[in-house]
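This report concerns only the one structure given below.
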Amino acid sequence: HQEFIGREAVVAKRGEYFYPCTVHFYRDSPQLVRGSMQFVYDEKGKRYTDFFAGVSVVACGHCNPAITSRTIEQLQQLQHTTTIYLTQPAVDLAERLAEVLPGSMCRTFFVNSGSEANEGALLLARMHTGRQGFLALESGLHGRTNLTMSVTGLPMWRTDRYLAEEVSFIERPYHPELSLDDAATRSLESLKRVLEQKGHSFAAMIVEPIQGNGGMIMPVSWYFRELKALLDEHGVLLIADEIQTGFGRTGAMFAMEHFGVVPDIISMAKALGNGVPVAAFATTDDIALSLNRPSASTFGGNPVSAATALAVLDYIRDERLPERSAELGQRLQAGLLALQERYPELIADVRGTGLMLGAELSGEDAAAAAGITDDILEEMKDRGYLIGKNGVGRNVLAFQPPLIITAGDIDGMIAVLDEVLLQVRNRK
Ligand code: PMP
């Protein structure tokens with residue numbers, strides 16, 4: 001059994017043995033040792049209500065017994081073989097995914113992480129179209145492998161050299177000084193220009209339906225319909241990166257449903273395993289045929305991950321989590337909008353949908369806004385609430401709680417955030 005060495009010792013070991021690039025999210029990060037549904041606990045027993053869910057991962061709650069019992073059962077029965085033998089959990093999972101995936105998507109390839117799912121999706125698009133290039137949106141985030149980092153627009157998550165060169169970035173459908181309609185029109189015009197120049201060179205465009213790390217950027221409802229039509233005209237596939245938005249997070253099973261668009265390929269990860277690594281990319285019969293080389297993943301579709309994901313899908317269905325997310329999301333959004341009305345000089349914008357919401361903070365300049373965001377994050381943590389931050393300027397508070405969060409938790413968090421914002425205002 002584990003003996004806790006204390007958070008200072010963990011910080012020291014991290015500093016000594018991790019790569020120096022390791023990101024510190026908090027100035028003073030808590031050490032978490034236990035989780036139970038919407039709560040996590042540090043080594044001193046202090047309880048935090050989790051409004052970030054490890055960036056949308058733990059949608060069904062921490063250590064949810066309905067899920068962990070099935071993980072443990074599978075762990076004790078058969079842990080791993082290779083794909084050369086038959087095992088049932090992975091085929092059951094692929095069948096269940098085909099039931100919830102949109103359109104005629106019915107083929108799933110299992111991998112282990114979001115980056116790997118996108119990497120597979122991008123290669124599949126190349127093999128299907130025989131083209132090399134990619135389109136992506138500014139401020140999108142798609143992963144940490146070479147190709148997925150190459151299509152990542154967010155400067156913070158890119159290296160400035162060594163990346164694939166055949167990527168064209170399109171203006172994002174959001175601009176602080178424009179309406180969502182005008183920003184979408186501008187984005188599509190920039191897409192049209194690039195397609196007219198070299199549309200034949202692109203295999204796919206990869207997009208997050210709602211950008212997570214980019215700052216909860218949700219385009220106007222008609223945006224992706226027009227975007228898909230433009231791509232179709234030029235034979236360019238659409239890859240929806242639903243890694244952060246999938247499995248009920250936004251009030252629908254997949255966020256592309258809000259836009260009435262069926263993409264050609266969907267990548268998924270995070271919430272599918274509720275904390276256990278499992279990821280996949282899915283597509284149609286026709287496109288799947290193009291991955292015509294023997295391809296197998298050591299851990300992709302392993303029985304433990306697959307059994308866990310099956311339990312997750314059962315739980316999402318039985319507890320009607322997408323509906324719950326839509327309903328509670330409205331409550332949380334109303335709470336944030338009320339705070340925006342009370343603190344218009346601090347909260348510039350509230351956006352997102354379902355339980356994927358962001359509040360953009362303003363300050364005298366970008367650095368001040370990012371500083372205020374950190375102050376609030378830190379203060380909320382000290383008062384027992386974990387929230388997130390994202391955005392190009394790291395000045396957007398992110399609210400992505402487990403979907404099993406309660407109305408009471410939301411009201412409690414909003415009340416505490418109100419106190420914290422008041423404190424920030426008085427300090428100014
Ligand atoms: N796509 C999106 C939209 C993500 O949010 C992330 C992770 N933040 C990734 C891809 C990469 O996933 P992973 O860290 O599992 O490789």
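Identifiers in the structure tokens: chain A, B, ... in order shown; residue index from 1 per chain; ligand index from 1 in order shown.
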
Spatial neighbours of region 260-265 of chain A, max dist 7 Å, only C-alpha atoms, sep filter under 6 positions, as a PyMOL selection string: chain A and resi 102-103+121+224-225+237-240+281-283

Please dump the current selection as an mmCIF file, in the first residue's frame; keep N, CA and C atoms.
```cif
data_model
loop_
_atom_site.group_PDB
_atom_site.id
_atom_site.type_symbol
_atom_site.label_atom_id
_atom_site.label_comp_id
_atom_site.auth_asym_id
_atom_site.auth_seq_id
_atom_site.Cartn_x
_atom_site.Cartn_y
_atom_site.Cartn_z
ATOM 1 N N PRO A 102 -23.021 8.588 -35.773
ATOM 2 C CA PRO A 102 -23.978 9.149 -36.730
ATOM 3 C C PRO A 102 -23.848 8.525 -38.123
ATOM 4 N N GLY A 103 -24.881 8.715 -38.932
ATOM 5 C CA GLY A 103 -24.867 8.314 -40.338
ATOM 6 C C GLY A 103 -24.554 6.845 -40.503
ATOM 7 N N ALA A 121 -6.646 8.766 -37.920
ATOM 8 C CA ALA A 121 -7.660 9.390 -38.770
ATOM 9 C C ALA A 121 -7.001 10.144 -39.927
ATOM 10 N N PHE A 224 -20.745 24.562 -39.767
ATOM 11 C CA PHE A 224 -20.154 23.305 -40.239
ATOM 12 C C PHE A 224 -20.900 22.710 -41.437
ATOM 13 N N ARG A 225 -22.205 23.053 -41.571
ATOM 14 C CA ARG A 225 -22.944 22.579 -42.754
ATOM 15 C C ARG A 225 -22.322 23.159 -44.017
ATOM 16 N N LEU A 237 -11.986 15.263 -47.087
ATOM 17 C CA LEU A 237 -12.758 14.630 -46.001
ATOM 18 C C LEU A 237 -12.823 15.540 -44.782
ATOM 19 N N LEU A 238 -13.865 15.342 -43.978
ATOM 20 C CA LEU A 238 -13.990 16.077 -42.710
ATOM 21 C C LEU A 238 -13.750 15.106 -41.553
ATOM 22 N N ILE A 239 -12.738 15.416 -40.746
ATOM 23 C CA ILE A 239 -12.474 14.643 -39.519
ATOM 24 C C ILE A 239 -12.970 15.467 -38.338
ATOM 25 N N ALA A 240 -13.929 14.921 -37.596
ATOM 26 C CA ALA A 240 -14.377 15.602 -36.380
ATOM 27 C C ALA A 240 -13.596 15.037 -35.210
ATOM 28 N N PHE A 281 -10.811 5.676 -33.770
ATOM 29 C CA PHE A 281 -11.333 6.495 -34.858
ATOM 30 C C PHE A 281 -12.286 5.636 -35.660
ATOM 31 N N ALA A 282 -13.399 6.264 -36.037
ATOM 32 C CA ALA A 282 -14.480 5.511 -36.666
ATOM 33 C C ALA A 282 -14.804 6.125 -38.010
ATOM 34 N N THR A 283 -15.309 5.289 -38.910
ATOM 35 C CA THR A 283 -15.672 5.784 -40.232
ATOM 36 C C THR A 283 -16.666 4.837 -40.902
#
```

Distance filter 9 Å around ligand 1, atoms: only C-alpha atoms and all ligand atoms, out as a ChimeraX atom specification: /A:55-56,112-118,140-145,148,152,207-213,241-245,267-270,277-279

Same residues, N, CA and C atoms, output as a compact mmCIF listing (two decimals), in the first residue's frame:
```txt
# COMPACT_ATOMS: atom_id res chain seq x y z
N VAL A 55 -10.06 17.51 -17.69
CA VAL A 55 -10.33 17.93 -19.07
C VAL A 55 -11.32 16.97 -19.75
N SER A 56 -12.54 16.92 -19.21
CA SER A 56 -13.63 16.17 -19.87
C SER A 56 -13.49 14.65 -19.80
N ASN A 112 -5.04 4.01 -28.20
CA ASN A 112 -4.90 4.25 -26.76
C ASN A 112 -4.99 5.69 -26.29
N SER A 113 -4.89 6.63 -27.21
CA SER A 113 -4.91 8.03 -26.77
C SER A 113 -5.54 8.87 -27.87
N GLY A 114 -5.90 10.09 -27.50
CA GLY A 114 -6.49 11.01 -28.47
C GLY A 114 -5.54 11.29 -29.61
N SER A 115 -4.27 11.54 -29.28
CA SER A 115 -3.28 11.83 -30.33
C SER A 115 -3.23 10.68 -31.32
N GLU A 116 -3.23 9.47 -30.79
CA GLU A 116 -3.10 8.30 -31.66
C GLU A 116 -4.35 8.12 -32.52
N ALA A 117 -5.51 8.47 -31.97
CA ALA A 117 -6.75 8.38 -32.76
C ALA A 117 -6.72 9.37 -33.91
N ASN A 118 -6.28 10.60 -33.63
CA ASN A 118 -6.19 11.60 -34.70
C ASN A 118 -5.13 11.22 -35.72
N GLY A 140 -7.01 25.36 -32.82
CA GLY A 140 -7.42 23.98 -32.52
C GLY A 140 -6.29 23.23 -31.82
N LEU A 141 -6.65 22.14 -31.13
CA LEU A 141 -5.63 21.28 -30.53
C LEU A 141 -5.96 19.83 -30.87
N HIS A 142 -4.98 19.10 -31.42
CA HIS A 142 -5.28 17.73 -31.85
C HIS A 142 -4.28 16.70 -31.37
N GLY A 143 -3.23 17.11 -30.68
CA GLY A 143 -2.36 16.09 -30.10
C GLY A 143 -0.89 16.43 -30.09
N ARG A 144 -0.13 15.44 -29.72
CA ARG A 144 1.27 15.65 -29.36
C ARG A 144 2.21 14.86 -30.26
N THR A 145 1.66 14.02 -31.15
CA THR A 145 2.54 13.32 -32.10
C THR A 145 2.89 14.30 -33.21
N THR A 148 -0.15 15.18 -35.54
CA THR A 148 -1.26 15.84 -34.84
C THR A 148 -0.83 17.21 -34.29
N THR A 152 -2.20 21.18 -35.14
CA THR A 152 -2.61 21.94 -33.96
C THR A 152 -2.30 23.42 -34.18
N VAL A 207 -11.23 19.23 -37.42
CA VAL A 207 -11.80 20.30 -36.58
C VAL A 207 -12.32 19.72 -35.27
N GLU A 208 -12.27 20.51 -34.22
CA GLU A 208 -13.05 20.21 -33.03
C GLU A 208 -14.39 20.91 -33.22
N PRO A 209 -15.52 20.22 -33.04
CA PRO A 209 -16.83 20.87 -33.21
C PRO A 209 -16.95 22.10 -32.30
N ILE A 210 -16.49 21.94 -31.07
CA ILE A 210 -16.35 23.07 -30.15
C ILE A 210 -14.92 23.00 -29.63
N GLN A 211 -14.15 24.04 -29.88
CA GLN A 211 -12.74 23.99 -29.46
C GLN A 211 -12.65 24.04 -27.95
N GLY A 212 -11.97 23.05 -27.39
CA GLY A 212 -11.79 23.01 -25.95
C GLY A 212 -10.63 23.90 -25.52
N ASN A 213 -9.40 23.43 -25.73
CA ASN A 213 -8.25 24.22 -25.29
C ASN A 213 -8.17 25.58 -25.96
N ASP A 241 -12.82 15.88 -34.57
CA ASP A 241 -12.10 15.50 -33.36
C ASP A 241 -13.07 15.70 -32.19
N GLU A 242 -13.70 14.59 -31.79
CA GLU A 242 -14.69 14.65 -30.69
C GLU A 242 -14.06 14.16 -29.39
N ILE A 243 -12.75 14.28 -29.32
CA ILE A 243 -12.01 13.75 -28.16
C ILE A 243 -12.43 14.45 -26.87
N GLN A 244 -12.67 15.74 -26.96
CA GLN A 244 -13.10 16.47 -25.76
C GLN A 244 -14.62 16.62 -25.70
N THR A 245 -15.27 16.64 -26.86
CA THR A 245 -16.71 16.94 -26.91
C THR A 245 -17.60 15.70 -26.88
N SER A 267 -12.86 11.02 -34.38
CA SER A 267 -11.90 10.49 -33.42
C SER A 267 -12.43 10.71 -32.02
N MET A 268 -12.18 9.77 -31.16
CA MET A 268 -12.71 9.83 -29.79
C MET A 268 -11.69 9.26 -28.81
N ALA A 269 -11.77 9.74 -27.57
CA ALA A 269 -10.86 9.24 -26.52
C ALA A 269 -11.47 9.63 -25.17
N LYS A 270 -10.67 10.27 -24.34
CA LYS A 270 -11.07 10.82 -23.04
C LYS A 270 -12.25 10.11 -22.36
N PRO A 277 -7.28 4.33 -20.26
CA PRO A 277 -6.93 4.71 -21.63
C PRO A 277 -7.66 3.86 -22.67
N VAL A 278 -8.46 4.50 -23.49
CA VAL A 278 -9.07 3.86 -24.66
C VAL A 278 -9.44 4.97 -25.62
N ALA A 279 -9.15 4.76 -26.89
CA ALA A 279 -9.44 5.76 -27.92
C ALA A 279 -9.73 5.03 -29.22
```

From a backbone DSSP assignment, name each residue in region 19-77 of chain A labelled strand (DSSP E or B), as an mmCIF file with C-alpha atoms, in the first residue's frame.
```cif
data_model
loop_
_atom_site.group_PDB
_atom_site.id
_atom_site.type_symbol
_atom_site.label_atom_id
_atom_site.label_comp_id
_atom_site.auth_asym_id
_atom_site.auth_seq_id
_atom_site.Cartn_x
_atom_site.Cartn_y
_atom_site.Cartn_z
ATOM 1 C CA LEU A 32 -4.909 14.202 -5.299
ATOM 2 C CA VAL A 33 -5.038 10.807 -3.692
ATOM 3 C CA ARG A 34 -8.659 9.668 -3.954
ATOM 4 C CA GLY A 35 -11.766 10.306 -6.023
ATOM 5 C CA SER A 36 -15.449 9.533 -5.621
ATOM 6 C CA MET A 37 -17.963 10.625 -8.273
ATOM 7 C CA PHE A 39 -15.335 14.749 -5.607
ATOM 8 C CA VAL A 40 -11.576 14.343 -5.283
ATOM 9 C CA TYR A 41 -9.506 14.453 -2.083
ATOM 10 C CA ASP A 42 -5.951 15.510 -1.313
ATOM 11 C CA ARG A 47 -12.386 17.578 -0.475
ATOM 12 C CA TYR A 48 -12.657 19.341 -3.834
ATOM 13 C CA THR A 49 -15.692 19.403 -6.102
ATOM 14 C CA ASP A 50 -14.374 18.703 -9.574
ATOM 15 C CA HIS A 62 -14.423 9.429 -10.322
#
```

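Distance check against Cys63 (chain A) using only C-alpha atoms: of A:Ala164, A:Val424, A:Val276, A:Val111, the minimum falls on A:Val276.
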
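Shortest separation to Glu360 (chain A) among A:Ala271, A:Met216, A:Leu291, A:Leu417 occurs at residue A:Met216, atoms counted being only C-alpha atoms.
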
Just checking: using only C-alpha atoms, which residue out of A:Ala280, A:Gly384, A:Ala203, A:Ser190 ends up closest to Glu166 (chain A)? A:Ala203

Go through region 253-362 of chain A residue by residue and, counting only C-alpha atoms, keep those with an atom at most 6 Å from region 388-411 of chain A; for each kept residue give the shortest atom pair and its distance in Å to one decimal, ordered by chain and increasing number, as JSON lines.
```
{"residue": "A:Ser325", "atom": "CA", "partner": "A:Leu403", "partner_atom": "CA", "distance": 5.8}
{"residue": "A:Leu355", "atom": "CA", "partner": "A:Gln400", "partner_atom": "CA", "distance": 5.4}
{"residue": "A:Met356", "atom": "CA", "partner": "A:Gln400", "partner_atom": "CA", "distance": 5.0}
{"residue": "A:Leu357", "atom": "CA", "partner": "A:Phe399", "partner_atom": "CA", "distance": 5.1}
{"residue": "A:Gly358", "atom": "CA", "partner": "A:Ala398", "partner_atom": "CA", "distance": 4.6}
{"residue": "A:Ala359", "atom": "CA", "partner": "A:Leu397", "partner_atom": "CA", "distance": 5.1}
{"residue": "A:Glu360", "atom": "CA", "partner": "A:Val396", "partner_atom": "CA", "distance": 4.2}
{"residue": "A:Leu361", "atom": "CA", "partner": "A:Asn395", "partner_atom": "CA", "distance": 5.6}
```

Now that the selection is made, can you save its residues with C-alpha atoms as a tab-separated table (two decimals), in the first residue's frame?
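Contents of selection.tsv, as written:
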```
chain	number	residue	atom	x	y	z
A	325	SER	CA	-25.65	17.59	-19.48
A	355	LEU	CA	-21.44	21.04	-19.58
A	356	MET	CA	-18.65	22.45	-21.75
A	357	LEU	CA	-18.70	26.13	-20.82
A	358	GLY	CA	-16.16	28.91	-20.68
A	359	ALA	CA	-16.03	32.40	-19.18
A	360	GLU	CA	-13.50	34.68	-20.85
A	361	LEU	CA	-11.92	37.14	-18.44
```

I'd like the neighbourhood of region 10-23 of chain A as a PyMOL selection string, where a residue qualifies if any of its atoms comes within 12 Å (using only C-alpha atoms), though same-chain residues fewer than 3 positions away should be ignored. chain A and resi 4-7+26-33+43+156-157+159

I want to know what sits within 8 Å of region 64-70 of chain A, based on only C-alpha atoms, with residues of the same chain fewer than 5 positions away left out; could you give that as a PyMOL selection string? chain A and resi 36-37+307-308+311-312+315

CA of Gly335 (chain A) sits from CA of Ile414 (chain A) at a separation of 6.2 Å

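Distances here use only C-alpha atoms; by that measure, the residue among A:Asp286, A:Glu233, A:Glu99, A:Asp374 closest to His128 (chain A) is A:Asp286.
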
As an MDAnalysis selection string, which residues of region 77-300 of chain A does DSSP assign to helix (DSSP H, G or I)? chainID A and resid 77 88:100 114:129 146:150 155:157 180:201 223:233 255:259 270:272 285:288

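The two atoms in question, CA of Glu323 (chain A) and CA of Val100 (chain A), are spaced 14.6 Å apart.
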
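Taking CA of Glu119 (chain A) as the reference point, CA of Asn146 (chain A) is found at 8.7 Å.
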
Residues within 7 Å of Pro322 (chain A), please, as a PyMOL selection string. Count only C-alpha atoms; anything in the same chain fewer than 6 positions from it doesn't count. chain A and resi 248-249+251-253

Mind dumping the selected residues with C-alpha atoms as an mmCIF file, in the first residue's frame?
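Done, and the output landed in again00.cif:
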```cif
data_model
loop_
_atom_site.group_PDB
_atom_site.id
_atom_site.type_symbol
_atom_site.label_atom_id
_atom_site.label_comp_id
_atom_site.auth_asym_id
_atom_site.auth_seq_id
_atom_site.Cartn_x
_atom_site.Cartn_y
_atom_site.Cartn_z
ATOM 1 C CA GLY A 248 -22.589 13.530 -23.824
ATOM 2 C CA ARG A 249 -20.320 16.402 -22.794
ATOM 3 C CA GLY A 251 -25.707 17.798 -24.351
ATOM 4 C CA ALA A 252 -25.592 15.451 -27.343
ATOM 5 C CA MET A 253 -23.782 12.131 -27.770
#
```
